[in-house]
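In what follows, a structure is listed as structure tokens, so that the remarks can point back to it.
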Amino acid sequence: MVKLAGTLALISGRVKPLINLWRGRPVLATFQVTLRCNSACGYCDLPLNQGRYELTREEIRRIFTTLHASGIRFVLVQGGEPLLRPDLIDILEDLSSSGLHVTVVTNGTRLTTDLVARFASLRLPISVSLDTLNRARYRQVRGADQLPQVLSGLNLLSQYPHPKFLTCIVSEVNREEVPDVVRFAKARGFIPVVGAYHWNVGLYGKEDAGLMYDRSAAVRVFELLLKEDLIPPGYFRQFVTDNALWLRGEQLEPCDAGRYSIAIDASGQVSPCLTMSPVGNLRELSYQEILSRFNRTQIQACSDCSSCNRLDGRVVGTILRHPITAWRTPVRFS
């Protein structure tokens, strides 16, 4: 009987996210585990460093246990800068042990040998942000002189046995250098993820005169990456293609924020994505009540005008619509 119960629980755990996909319910959550950050990126206006409440480890464990039971299976853990949270490893262990597939998104400035070993033991994918290999430009983009720390952290990941990504955001400051950053990433076994700087899209993207580009100039960066075959086949090449479409003002496929994915801030507030206002807090309301509060008309209107191309709001839908493309996505470079 115990074995049967365990088998039924295993089947249920696998079926629930499939039911969610069929019904158009979230399977992915972007989670800002902390509101603190040690960078001051010119393109970021997420509500950081404001002294607001942060969920405790126990609250996070309780909330994500509920989310797992509701069909959430993938969590992007970011901040702020997640490595600033002293109990991060404990939180990651809790999330992983509950059956969630966790990816850590970091600026790479605080990686240590011990942390990398702990991430590896949990079999976690890791994504590191790096927009430029030039120290002065890095300081201009990120608002802090941290390039040496990031490069040191990337060296610690040289033999990392699980998927690792290097994310580069194209702005006016670094657009000429982006192909070199991509080559740098591939040479070190990182899958390059290249996106465009957005500004004034809902709550997301701050105007920074030094970073803002002319779209016709920025689109050439993405066209060059595709022409020279610098981006590997699969989803991330599709993402680069979509960025080029967005910069040209062409219509993108639907955004699935609030449908297949949600965003949760460090205090428990939930929104369809980080560009939209929260509709409720998981410390106070049930997950089902919060989902019922999403303004589907507002989300559809945002999608229709292709106002942004955030990866987390489109990744699940893109994979479902392009399964062969998704299948071709590499897990790692040798």
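By order in the structure tokens, chains are A, B, ...; within a chain, residues start at 1; ligands start at 1, following the order shown.
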(Q) Could you pull out the strand (DSSP E or B) residues of segment 56-113 of chain A, going by DSSP on the backbone, and write them as a ChimeraX atom specification? (A) /A:74-78,101-106
Write a file of the selected residues as a compact mmCIF listing (two decimals), in the first residue's frame, keeping C-alpha atoms.
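Output file again_27.txt is given in full below:
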# COMPACT_ATOMS: atom_id res chain seq x y z
CA PHE A 74 10.64 25.59 -12.66
CA VAL A 75 11.99 28.46 -10.57
CA LEU A 76 14.43 31.19 -11.64
CA VAL A 77 16.00 32.40 -8.39
CA GLN A 78 17.31 35.94 -8.77
CA HIS A 101 13.94 22.61 -10.99
CA VAL A 102 15.90 25.67 -9.87
CA THR A 103 18.18 27.96 -11.86
CA VAL A 104 20.28 30.58 -10.05
CA VAL A 105 20.59 33.95 -11.82
CA THR A 106 23.52 36.01 -10.50
**Q.** segment 232-243 of chain A surroundings by only C-alpha atoms, 10 Å radius, close-in-sequence under 6 positions cut, as number ranges by chain
**A.** A: 186, 191-197, 218-219, 221-223, 225-226, 249-253, 308-311, 314-315, 318-319, 322-330, 333
**Q.** Residue with smallest distance to Leu18 of chain A - pool A:Trp199, A:Tyr160, A:Tyr213, A:Tyr260, counting only C-alpha atoms
**A.**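 Counting only C-alpha atoms, the residue closest to Leu18 of chain A is A:Tyr260.
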Q: Could you please determine the separation between atom CA of Leu67 of chain A and atom CA of Lys16 of chain A in Å, to one decimal place?
A: 11.2 Å
Q: Work out how far atom CA of Lys206 of chain A is from atom CA of Phe165 of chain A, in Å to one decimal.
A: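 The value is 24.3 Å.
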Q: Mind the document's chain letters and residue numbers, and return as a VMD selection string the residues of segment 151-292 of chain A that DSSP labels helix (DSSP H, G or I).
A: chain A and resid 151 to 156 178 to 187 215 to 227 235 to 247 287 to 292
Q. From the list A:Glu207, A:Asp312, A:Asp131, A:Glu54, which residue is nearest Arg283 of chain A when using only C-alpha atoms?
A.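 Comparing A:Glu207, A:Asp312, A:Asp131, A:Glu54 against Arg283 of chain A, the winner is A:Glu54.
Atom to atom, atom CA of Arg248 of chain A and atom CA of Thr275 of chain A stand 21.0 Å apart.
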